[in-house]
Amino acid sequence: MASKYIALPNGVSENTFDAAINEFRAILGEASVLTSAAQLAPYIKTMMPVPDAEHAPSAALLATTVEQIQKIVGVCNRYKVPVWTISTGKNLGYGSAAPAERGQVVLDLKGMNRILEVDKDLAYALVEPGVTYKQLYDYIAERKLGLWLSFPAPSAIAGPVGNTLDRGVGYTPYGEHFMYACGMEVVLANGEVLRTGMGSMPKSNTWQVFKWGYGPYLDGIFTQSNYGIVTKFGFWLMPAPPAFKPFAIQYQNEDDIVEIVETIRPLRINGVIPNAVVIAHALYEAPVKARRGDYVKGSGSIPDEAVRRITKDHNLGIWNVYAALYGTPEQIEVNWKIVTQAFGKSGRAKILTEEEAAADPAFVYRAKLMRGDMTLQEFSLYNWRGGGGSMWFAPVSQARGSETLKQMALTKQILGKHGLDYSGEFIVGMRDMHHVVDVLYDKTDPEQVKAAYRCFDELVTTFSAQGYGIYRVNTAFMDKVADTYGPVQRNVNKILKKALDPNGILAPGKSGIR
């Protein structure tokens, strides 16, 4: 007999799930418990090269209060029903809103969207998980608070809670998002509510200004994990600087990446350039201006000759460096002299100011990110090849030019072997580099789906064997990446999971933790 549900939780019978659903409806109301295929459609579609059915939820719960969440986890413990928690649920290229494992119930918190506090003087915010960056941006602008946000490239539709808990990054001086987190409220698997840091102290007024509290620092264990459900989140905001100077630097040879990174590293470590510097390959920037089909037809990766034509036709470098200076006009003048002297030594760099690049849509989009303005321009990547397939491959390395050249060559070789293009950028932090590659493919083409899966699997295997750790990954490859960090870390994660969630109800499989 066919089930009334599109999927069932692992090990849970339909009769048992019926009982759980009835209790969920008593807590949330009929309209906030979704079980039909039509209602669950937004929680099923992924961009990964695996059947979406492998990630189909059994239901979705639309909670709006902490008290509702506490009751929900009580029901989940009684019936051993697993829940996969999302905030805005976008997470494109990393798994979207779908759960890690078939049959998990999606706990959707986008209705918990209150901005609880924004302090102008101390420059912090306290928000619920459903708050989007656009919502907070508008709140700050309407009140003329003079504060800047830092957000990932798909800024308007993403949210600070989901992004930071997955350790996402941005492009302003506050771009290492978890570094600027300060204080969480977490519903634990047993229904208890924990406030981390200073928030555990009654009547505390320092919850969002002092990160550490007393005793072990706990906030980190609730990132990229399944140890609790974050219901309030504090983080610091950047006061708007008196002046802001974005700029771009173009290089025309792939080997120039060594010079670029060796020039940037001391400027970043010394704080001359205070924000993470993006070094975008031509094919990462090209979708803002062109389509793949305009330059190459048929299967296989795009040839170097076509990439050269793209750079010439659309005024791109093979490498396109984006950074900014912040502070008073006097500070910027001094630092600009340092930057131009550093990049001008070899004669290979073409330095472009905002005035010189103002008509370039690629520059405009990057400048918006670096000053905390809204943009969705990066979604043009999905138009490059078409077909809705995307996975972010994100290994980390030291900020050394030699490492960059090695990673790029290795990535291009593996992508080319599977007929895919290199759409990558390096993001230079203080001492590290995130190598962010969008593995784009046509999900409507079965052969490309197989090729994309094999390609991503080989990327993870090859990079980890050479000591390059992946810092974030889509839900289809979480176990594989977790394995690369070794058995001791996996065992410690398992011990913590058993202690905090003995029935394993919270997002089983998240980051490979069960």
# chains A, B, ... in the order shown; residues from 1 in each chain; ligands from 1
$ select_by_dssp --residues "stretch 212-322 of chain A" --states "strand (DSSP E or B)" --output "JSON, numbers by chain"
{"A": [229, 230, 231, 232, 233, 234, 235, 236, 238, 239, 243, 244, 245, 246, 247, 248, 249, 250, 251, 277, 278, 279, 280, 281, 319, 320, 321, 322]}
$ closest_atom_pairs --of "stretch 344-440 of chain A" --to "stretch 144-158 of chain A" --cutoff "10 Å" --atoms "only C-alpha atoms" --output "Markdown table"
| residue | atom | partner | partner_atom | distance |
| --- | --- | --- | --- | --- |
| A:Tyr365 | CA | A:Ala153 | CA | 9.2 |
| A:Arg366 | CA | A:Ala153 | CA | 8.9 |
| A:Lys368 | CA | A:Ala153 | CA | 9.7 |
| A:Leu369 | CA | A:Ala153 | CA | 6.8 |
| A:Met370 | CA | A:Ser150 | CA | 8.0 |
| A:Arg371 | CA | A:Trp148 | CA | 7.3 |
| A:Gly372 | CA | A:Leu149 | CA | 5.2 |
| A:Asp373 | CA | A:Leu149 | CA | 7.9 |
| A:Met374 | CA | A:Ala156 | CA | 5.8 |
| A:Thr375 | CA | A:Ser155 | CA | 6.0 |
| A:Leu376 | CA | A:Pro154 | CA | 5.1 |
| A:Gln377 | CA | A:Pro154 | CA | 7.6 |
| A:Glu378 | CA | A:Ala153 | CA | 6.2 |
| A:Phe379 | CA | A:Pro154 | CA | 7.2 |
$ residues_around --residues "A:Val73" --least-positions-apart "6" --cutoff "12 Å" --atoms "only C-alpha atoms" --output "VMD selection string"
chain A and resid 20 23 to 24 27 61 63 66 to 67 79 to 85 105 107 187 to 193 228 to 229 501 503 to 507
$ residues_around --residues "A:Met48" --least-positions-apart "6" --cutoff "12 Å" --atoms "only C-alpha atoms" --output "PyMOL selection string"
chain A and resi 54-55+91-96+98+100+387-393+438-444+448-454+456+473-477
$ write_last_selection --atoms "N, CA, C and O atoms" --output "compact mmCIF listing (two decimals), in the first residue's frame"
# COMPACT_ATOMS: atom_id res chain seq x y z
N GLU A 54 16.87 11.20 -2.91
CA GLU A 54 17.73 10.80 -1.79
C GLU A 54 17.70 11.81 -0.65
O GLU A 54 18.10 11.50 0.47
N HIS A 55 17.21 13.01 -0.95
CA HIS A 55 17.17 14.07 0.06
C HIS A 55 15.74 14.57 0.30
O HIS A 55 15.55 15.68 0.82
N ASN A 91 21.28 28.27 0.84
CA ASN A 91 22.45 27.37 0.86
C ASN A 91 22.74 26.78 -0.52
O ASN A 91 23.10 25.60 -0.66
N LEU A 92 22.61 27.61 -1.56
CA LEU A 92 22.75 27.12 -2.93
C LEU A 92 24.17 26.64 -3.19
O LEU A 92 25.15 27.28 -2.83
N GLY A 93 24.27 25.50 -3.86
CA GLY A 93 25.56 24.90 -4.13
C GLY A 93 26.10 24.07 -2.98
O GLY A 93 27.10 23.37 -3.13
N TYR A 94 25.43 24.12 -1.82
CA TYR A 94 25.83 23.32 -0.67
C TYR A 94 24.73 22.37 -0.21
O TYR A 94 24.87 21.74 0.84
N GLY A 95 23.63 22.32 -0.93
CA GLY A 95 22.56 21.39 -0.55
C GLY A 95 21.18 22.00 -0.50
O GLY A 95 20.20 21.28 -0.29
N SER A 96 21.09 23.33 -0.64
CA SER A 96 19.80 24.03 -0.61
C SER A 96 19.07 23.75 0.70
O SER A 96 19.69 23.60 1.74
N ALA A 98 17.15 21.09 1.31
CA ALA A 98 16.86 19.66 1.48
C ALA A 98 17.67 19.07 2.63
O ALA A 98 18.80 19.47 2.88
N ALA A 100 19.89 16.27 4.82
CA ALA A 100 21.05 15.45 4.44
C ALA A 100 20.64 14.03 4.09
O ALA A 100 21.27 13.40 3.24
N GLY A 387 21.33 24.52 -16.82
CA GLY A 387 20.98 23.18 -16.40
C GLY A 387 20.88 22.96 -14.91
O GLY A 387 20.53 21.88 -14.46
N GLY A 388 21.19 24.00 -14.11
CA GLY A 388 20.88 23.95 -12.69
C GLY A 388 21.78 23.11 -11.81
O GLY A 388 21.43 22.81 -10.68
N GLY A 389 22.96 22.71 -12.30
CA GLY A 389 23.87 21.93 -11.48
C GLY A 389 25.00 22.77 -10.94
O GLY A 389 25.67 23.49 -11.68
N SER A 390 25.24 22.70 -9.63
CA SER A 390 26.30 23.49 -9.01
C SER A 390 26.72 22.86 -7.69
O SER A 390 25.88 22.47 -6.88
N MET A 391 28.03 22.76 -7.50
CA MET A 391 28.59 22.36 -6.21
C MET A 391 29.81 23.23 -5.94
O MET A 391 30.68 23.38 -6.81
N TRP A 392 29.89 23.76 -4.74
CA TRP A 392 31.05 24.56 -4.37
C TRP A 392 32.13 23.64 -3.81
O TRP A 392 31.89 22.90 -2.86
N PHE A 393 33.31 23.72 -4.41
CA PHE A 393 34.49 23.01 -3.90
C PHE A 393 35.37 24.06 -3.24
O PHE A 393 35.73 25.05 -3.86
N ASP A 438 33.31 26.85 -8.34
CA ASP A 438 31.94 26.41 -8.59
C ASP A 438 31.98 25.34 -9.69
O ASP A 438 32.28 25.63 -10.85
N VAL A 439 31.69 24.11 -9.29
CA VAL A 439 31.64 23.00 -10.24
C VAL A 439 30.27 23.05 -10.90
O VAL A 439 29.26 22.61 -10.34
N LEU A 440 30.23 23.63 -12.10
CA LEU A 440 28.98 23.87 -12.82
C LEU A 440 28.75 22.77 -13.86
O LEU A 440 29.68 22.40 -14.59
N TYR A 441 27.53 22.28 -13.93
CA TYR A 441 27.20 21.23 -14.88
C TYR A 441 25.70 21.27 -15.17
O TYR A 441 24.94 21.97 -14.48
N ASP A 442 25.28 20.53 -16.16
CA ASP A 442 23.88 20.49 -16.57
C ASP A 442 23.20 19.30 -15.87
O ASP A 442 23.43 18.15 -16.22
N LYS A 443 22.37 19.59 -14.90
CA LYS A 443 21.72 18.52 -14.15
C LYS A 443 20.64 17.80 -14.96
O LYS A 443 20.17 16.74 -14.56
N THR A 444 20.26 18.36 -16.09
CA THR A 444 19.28 17.69 -16.95
C THR A 444 19.95 16.69 -17.89
O THR A 444 19.26 15.95 -18.61
N GLN A 448 26.42 14.35 -17.84
CA GLN A 448 27.09 15.40 -17.07
C GLN A 448 26.89 15.20 -15.57
O GLN A 448 27.78 15.53 -14.78
N VAL A 449 25.75 14.70 -15.18
CA VAL A 449 25.51 14.41 -13.77
C VAL A 449 26.53 13.39 -13.26
O VAL A 449 27.16 13.58 -12.21
N LYS A 450 26.73 12.31 -14.03
CA LYS A 450 27.72 11.30 -13.64
C LYS A 450 29.12 11.90 -13.61
O LYS A 450 29.91 11.64 -12.69
N ALA A 451 29.44 12.71 -14.62
CA ALA A 451 30.77 13.31 -14.70
C ALA A 451 31.01 14.26 -13.52
O ALA A 451 32.09 14.29 -12.93
N ALA A 452 29.98 15.04 -13.17
CA ALA A 452 30.13 15.99 -12.07
C ALA A 452 30.36 15.28 -10.74
O ALA A 452 31.18 15.71 -9.92
N TYR A 453 29.63 14.17 -10.52
CA TYR A 453 29.82 13.41 -9.28
C TYR A 453 31.23 12.85 -9.22
O TYR A 453 31.92 12.97 -8.19
N ARG A 454 31.67 12.21 -10.29
CA ARG A 454 33.02 11.64 -10.31
C ARG A 454 34.08 12.73 -10.14
O ARG A 454 35.08 12.53 -9.45
N PHE A 456 33.78 15.72 -8.59
CA PHE A 456 33.82 16.24 -7.22
C PHE A 456 34.46 15.23 -6.28
O PHE A 456 35.25 15.59 -5.40
N VAL A 473 31.13 21.93 2.65
CA VAL A 473 30.81 21.05 1.53
C VAL A 473 29.31 20.80 1.47
O VAL A 473 28.59 20.97 2.47
N ASN A 474 28.84 20.37 0.31
CA ASN A 474 27.43 20.04 0.15
C ASN A 474 27.07 18.77 0.90
O ASN A 474 27.93 17.98 1.28
N THR A 475 25.77 18.57 1.09
CA THR A 475 25.30 17.47 1.94
C THR A 475 25.59 16.09 1.36
O THR A 475 25.69 15.12 2.11
N ALA A 476 25.77 15.98 0.05
CA ALA A 476 26.04 14.66 -0.54
C ALA A 476 27.45 14.16 -0.23
O ALA A 476 27.71 12.96 -0.30
N PHE A 477 28.36 15.07 0.14
CA PHE A 477 29.75 14.68 0.36
C PHE A 477 30.23 14.94 1.80
O PHE A 477 31.42 14.95 2.06
$ residues_around --residues "A:Ala465" --least-positions-apart "5" --cutoff "12 Å" --atoms "only C-alpha atoms" --output "PyMOL selection string"
chain A and resi 395+458-460+470+481+483-486
$ write_last_selection --atoms "N, CA, C and O atoms" --output "JSON list (two decimals), in the first residue's frame"
[["chain", "number", "residue", "atom", "x", "y", "z"],
["A", 395, "PRO", "N", 38.63, 24.09, -0.92],
["A", 395, "PRO", "CA", 39.80, 23.74, -0.12],
["A", 395, "PRO", "C", 40.51, 25.00, 0.41],
["A", 395, "PRO", "O", 40.37, 26.08, -0.15],
["A", 458, "GLU", "N", 36.68, 13.02, -7.03],
["A", 458, "GLU", "CA", 38.12, 13.02, -7.28],
["A", 458, "GLU", "C", 38.78, 14.26, -6.71],
["A", 458, "GLU", "O", 39.90, 14.20, -6.18],
["A", 459, "LEU", "N", 38.13, 15.40, -6.80],
["A", 459, "LEU", "CA", 38.67, 16.63, -6.21],
["A", 459, "LEU", "C", 38.89, 16.46, -4.71],
["A", 459, "LEU", "O", 39.97, 16.79, -4.19],
["A", 460, "VAL", "N", 37.88, 15.96, -4.01],
["A", 460, "VAL", "CA", 38.00, 15.77, -2.56],
["A", 460, "VAL", "C", 39.12, 14.77, -2.24],
["A", 460, "VAL", "O", 39.96, 15.01, -1.36],
["A", 470, "ILE", "N", 39.05, 20.63, 3.08],
["A", 470, "ILE", "CA", 37.86, 21.33, 2.57],
["A", 470, "ILE", "C", 37.11, 21.89, 3.78],
["A", 470, "ILE", "O", 36.82, 21.16, 4.73],
["A", 481, "VAL", "N", 34.11, 14.13, 3.31],
["A", 481, "VAL", "CA", 34.99, 15.18, 3.82],
["A", 481, "VAL", "C", 35.30, 14.97, 5.30],
["A", 481, "VAL", "O", 36.43, 15.16, 5.74],
["A", 483, "ASP", "N", 35.63, 12.22, 6.82],
["A", 483, "ASP", "CA", 36.65, 11.17, 6.89],
["A", 483, "ASP", "C", 38.06, 11.71, 6.67],
["A", 483, "ASP", "O", 39.03, 11.18, 7.22],
["A", 484, "THR", "N", 38.17, 12.76, 5.86],
["A", 484, "THR", "CA", 39.51, 13.27, 5.56],
["A", 484, "THR", "C", 40.17, 13.91, 6.78],
["A", 484, "THR", "O", 41.39, 14.12, 6.78],
["A", 485, "TYR", "N", 39.39, 14.25, 7.79],
["A", 485, "TYR", "CA", 39.95, 14.87, 8.99],
["A", 485, "TYR", "C", 40.36, 13.85, 10.05],
["A", 485, "TYR", "O", 40.79, 14.21, 11.14],
["A", 486, "GLY", "N", 40.20, 12.58, 9.75],
["A", 486, "GLY", "CA", 40.75, 11.53, 10.60],
["A", 486, "GLY", "C", 39.80, 10.99, 11.64],
["A", 486, "GLY", "O", 38.80, 11.61, 12.01]]
$ atom_distance --atom1 "atom CA of A:Lys71" --atom2 "atom CA of A:Leu109"
14.5 Å
$ closest_residue --among "A:Ser346, A:Ser87, A:Thr196, A:Asn320" --to "A:Glu254" --atoms "only C-alpha atoms"
A:Asn320
$ residues_around --residues "A:Gly512" --least-positions-apart "5" --cutoff "8 Å" --atoms "only C-alpha atoms" --output "PDB file with all heavy atoms, in the first residue's frame"
ATOM      1  N   MET A 478      29.298  15.145   2.723  1.00  0.00           N
ATOM      2  CA  MET A 478      29.696  15.455   4.102  1.00  0.00           C
ATOM      3  C   MET A 478      30.479  14.317   4.755  1.00  0.00           C
ATOM      4  O   MET A 478      31.474  14.546   5.437  1.00  0.00           O
ATOM      5  CB  MET A 478      28.467  15.809   4.935  1.00  0.00           C
ATOM      6  CG  MET A 478      27.945  17.202   4.670  1.00  0.00           C
ATOM      7  SD  MET A 478      26.543  17.622   5.744  1.00  0.00           S
ATOM      8  CE  MET A 478      26.385  19.372   5.377  1.00  0.00           C
ATOM      9  N   ASP A 479      30.034  13.089   4.567  1.00  0.00           N
ATOM     10  CA  ASP A 479      30.740  11.958   5.166  1.00  0.00           C
ATOM     11  C   ASP A 479      32.152  11.830   4.608  1.00  0.00           C
ATOM     12  O   ASP A 479      33.102  11.580   5.346  1.00  0.00           O
ATOM     13  CB  ASP A 479      29.969  10.657   4.929  1.00  0.00           C
ATOM     14  CG  ASP A 479      28.824  10.469   5.918  1.00  0.00           C
ATOM     15  OD1 ASP A 479      29.043  10.723   7.117  1.00  0.00           O
ATOM     16  OD2 ASP A 479      27.725  10.087   5.505  1.00  0.00           O
ATOM     17  N   LYS A 480      32.276  11.975   3.314  1.00  0.00           N
ATOM     18  CA  LYS A 480      33.592  11.832   2.685  1.00  0.00           C
ATOM     19  C   LYS A 480      34.566  12.885   3.214  1.00  0.00           C
ATOM     20  O   LYS A 480      35.725  12.574   3.536  1.00  0.00           O
ATOM     21  CB  LYS A 480      33.468  11.939   1.167  1.00  0.00           C
ATOM     22  CG  LYS A 480      34.783  11.679   0.435  1.00  0.00           C
ATOM     23  CD  LYS A 480      34.595  11.689  -1.068  1.00  0.00           C
ATOM     24  CE  LYS A 480      35.916  11.429  -1.790  1.00  0.00           C
ATOM     25  NZ  LYS A 480      36.386  10.051  -1.633  1.00  0.00           N
ATOM     26  N   VAL A 481      34.112  14.128   3.310  1.00  0.00           N
ATOM     27  CA  VAL A 481      34.988  15.183   3.821  1.00  0.00           C
ATOM     28  C   VAL A 481      35.297  14.965   5.304  1.00  0.00           C
ATOM     29  O   VAL A 481      36.433  15.161   5.744  1.00  0.00           O
ATOM     30  CB  VAL A 481      34.373  16.572   3.569  1.00  0.00           C
ATOM     31  CG1 VAL A 481      35.149  17.661   4.307  1.00  0.00           C
ATOM     32  CG2 VAL A 481      34.353  16.870   2.070  1.00  0.00           C
ATOM     33  N   ALA A 482      34.310  14.552   6.080  1.00  0.00           N
ATOM     34  CA  ALA A 482      34.557  14.284   7.504  1.00  0.00           C
ATOM     35  C   ALA A 482      35.638  13.223   7.669  1.00  0.00           C
ATOM     36  O   ALA A 482      36.486  13.308   8.568  1.00  0.00           O
ATOM     37  CB  ALA A 482      33.267  13.850   8.192  1.00  0.00           C
ATOM     38  N   ARG A 490      36.541  12.551  14.267  1.00  0.00           N
ATOM     39  CA  ARG A 490      35.206  11.971  14.074  1.00  0.00           C
ATOM     40  C   ARG A 490      34.701  11.345  15.373  1.00  0.00           C
ATOM     41  O   ARG A 490      33.516  11.457  15.702  1.00  0.00           O
ATOM     42  CB  ARG A 490      35.219  10.917  12.964  1.00  0.00           C
ATOM     43  CG  ARG A 490      35.455  11.480  11.587  1.00  0.00           C
ATOM     44  CD  ARG A 490      34.781  10.666  10.502  1.00  0.00           C
ATOM     45  NE  ARG A 490      33.336  10.908  10.448  1.00  0.00           N
ATOM     46  CZ  ARG A 490      32.546  10.432   9.489  1.00  0.00           C
ATOM     47  NH1 ARG A 490      33.048   9.693   8.525  1.00  0.00           N
ATOM     48  NH2 ARG A 490      31.256  10.675   9.503  1.00  0.00           N
TER      49      ARG A 490
END
$ residues_around --residues "A:Ile86" --least-positions-apart "4" --cutoff "9 Å" --atoms "only C-alpha atoms" --output "number ranges by chain"
A: 90, 97-99, 106-110, 129-130, 162
$ select_by_dssp --residues "stretch 141-305 of chain A" --states "alpha helix (DSSP H)" --output "PyMOL selection string"
chain A and resi 141-142+160-165+257-269+282-285+304-305
$ closest_residue --among "A:Arg102, A:Lys312, A:Lys45, A:His434" --to "A:Gly509" --atoms "only C-alpha atoms"
A:Arg102
$ closest_residue --among "A:Val428, A:Ser225, A:Val209, A:Ala367" --to "A:Ile273" --atoms "only C-alpha atoms"
A:Val428
$ atom_distance --atom1 "atom CA of A:Gly159" --atom2 "atom CA of A:Ser58"
24.9 Å
$ closest_residue --among "A:Gly11, A:Pro361, A:Pro274, A:Gly89" --to "A:Gly175" --atoms "only C-alpha atoms"
A:Pro274
$ closest_residue --among "A:Val396, A:Gln250, A:Phe222, A:Ala19" --to "A:Asn315" --atoms "only C-alpha atoms"
A:Gln250
$ decode --residues "stretch 335-345 of chain A" --atoms "all heavy atoms" --output "tab-separated table (two decimals), in the first residue's frame"
chain	number	residue	atom	x	y	z
A	335	ASN	N	47.77	54.57	2.47
A	335	ASN	CA	47.72	53.15	2.13
A	335	ASN	C	47.64	52.92	0.62
A	335	ASN	O	48.16	51.91	0.12
A	335	ASN	CB	46.56	52.47	2.85
A	335	ASN	CG	46.83	52.29	4.33
A	335	ASN	OD1	47.97	52.28	4.76
A	335	ASN	ND2	45.77	52.15	5.12
A	336	TRP	N	46.99	53.81	-0.08
A	336	TRP	CA	46.92	53.68	-1.54
A	336	TRP	C	48.32	53.79	-2.16
A	336	TRP	O	48.65	53.06	-3.10
A	336	TRP	CB	46.00	54.75	-2.11
A	336	TRP	CG	45.84	54.70	-3.60
A	336	TRP	CD1	46.16	55.66	-4.50
A	336	TRP	CD2	45.29	53.62	-4.38
A	336	TRP	NE1	45.87	55.27	-5.78
A	336	TRP	CE2	45.32	54.01	-5.74
A	336	TRP	CE3	44.77	52.37	-4.05
A	336	TRP	CZ2	44.87	53.18	-6.76
A	336	TRP	CZ3	44.32	51.54	-5.07
A	336	TRP	CH2	44.37	51.95	-6.41
A	337	LYS	N	49.12	54.66	-1.61
A	337	LYS	CA	50.50	54.78	-2.11
A	337	LYS	C	51.27	53.48	-1.88
A	337	LYS	O	52.00	53.01	-2.75
A	337	LYS	CB	51.21	55.94	-1.41
A	337	LYS	CG	52.61	56.21	-1.94
A	337	LYS	CD	53.22	57.45	-1.28
A	337	LYS	CE	54.62	57.70	-1.81
A	337	LYS	NZ	55.24	58.90	-1.17
A	338	ILE	N	51.06	52.87	-0.71
A	338	ILE	CA	51.73	51.59	-0.41
A	338	ILE	C	51.26	50.50	-1.38
A	338	ILE	O	52.06	49.72	-1.91
A	338	ILE	CB	51.45	51.18	1.05
A	338	ILE	CG1	52.07	52.19	2.02
A	338	ILE	CG2	51.97	49.77	1.33
A	338	ILE	CD1	51.65	51.98	3.47
A	339	VAL	N	49.94	50.44	-1.61
A	339	VAL	CA	49.37	49.43	-2.49
A	339	VAL	C	49.88	49.59	-3.93
A	339	VAL	O	50.32	48.61	-4.56
A	339	VAL	CB	47.82	49.49	-2.47
A	339	VAL	CG1	47.21	48.64	-3.59
A	339	VAL	CG2	47.30	49.01	-1.11
A	340	THR	N	49.82	50.79	-4.45
A	340	THR	CA	50.22	50.99	-5.85
A	340	THR	C	51.71	50.74	-6.03
A	340	THR	O	52.13	50.22	-7.08
A	340	THR	CB	49.87	52.41	-6.32
A	340	THR	OG1	50.41	53.38	-5.40
A	340	THR	CG2	48.36	52.59	-6.40
A	341	GLN	N	52.53	51.08	-5.05
A	341	GLN	CA	53.95	50.79	-5.15
A	341	GLN	C	54.20	49.29	-5.13
A	341	GLN	O	55.02	48.77	-5.90
A	341	GLN	CB	54.71	51.47	-4.01
A	341	GLN	CG	54.86	52.98	-4.18
A	341	GLN	CD	55.57	53.64	-3.01
A	341	GLN	OE1	55.72	53.04	-1.93
A	341	GLN	NE2	56.00	54.88	-3.19
A	342	ALA	N	53.49	48.57	-4.26
A	342	ALA	CA	53.69	47.12	-4.14
A	342	ALA	C	53.30	46.41	-5.43
A	342	ALA	O	54.01	45.52	-5.91
A	342	ALA	CB	52.89	46.57	-2.96
A	343	PHE	N	52.15	46.78	-6.00
A	343	PHE	CA	51.69	46.11	-7.21
A	343	PHE	C	52.36	46.63	-8.48
A	343	PHE	O	52.29	45.98	-9.53
A	343	PHE	CB	50.17	46.23	-7.34
A	343	PHE	CG	49.41	45.26	-6.49
A	343	PHE	CD1	48.84	45.65	-5.28
A	343	PHE	CD2	49.26	43.94	-6.89
A	343	PHE	CE1	48.14	44.75	-4.50
A	343	PHE	CE2	48.56	43.03	-6.11
A	343	PHE	CZ	48.00	43.43	-4.91
A	344	GLY	N	52.98	47.78	-8.39
A	344	GLY	CA	53.59	48.36	-9.58
A	344	GLY	C	55.01	47.91	-9.87
A	344	GLY	O	55.57	48.24	-10.92
A	345	LYS	N	55.60	47.14	-8.97
A	345	LYS	CA	57.03	46.81	-9.11
A	345	LYS	C	57.34	46.03	-10.37
A	345	LYS	O	58.33	46.30	-11.06
A	345	LYS	CB	57.49	46.02	-7.87
A	345	LYS	CG	57.61	46.86	-6.61
A	345	LYS	CD	58.03	46.00	-5.42
A	345	LYS	CE	58.11	46.82	-4.15
A	345	LYS	NZ	58.46	45.98	-2.97
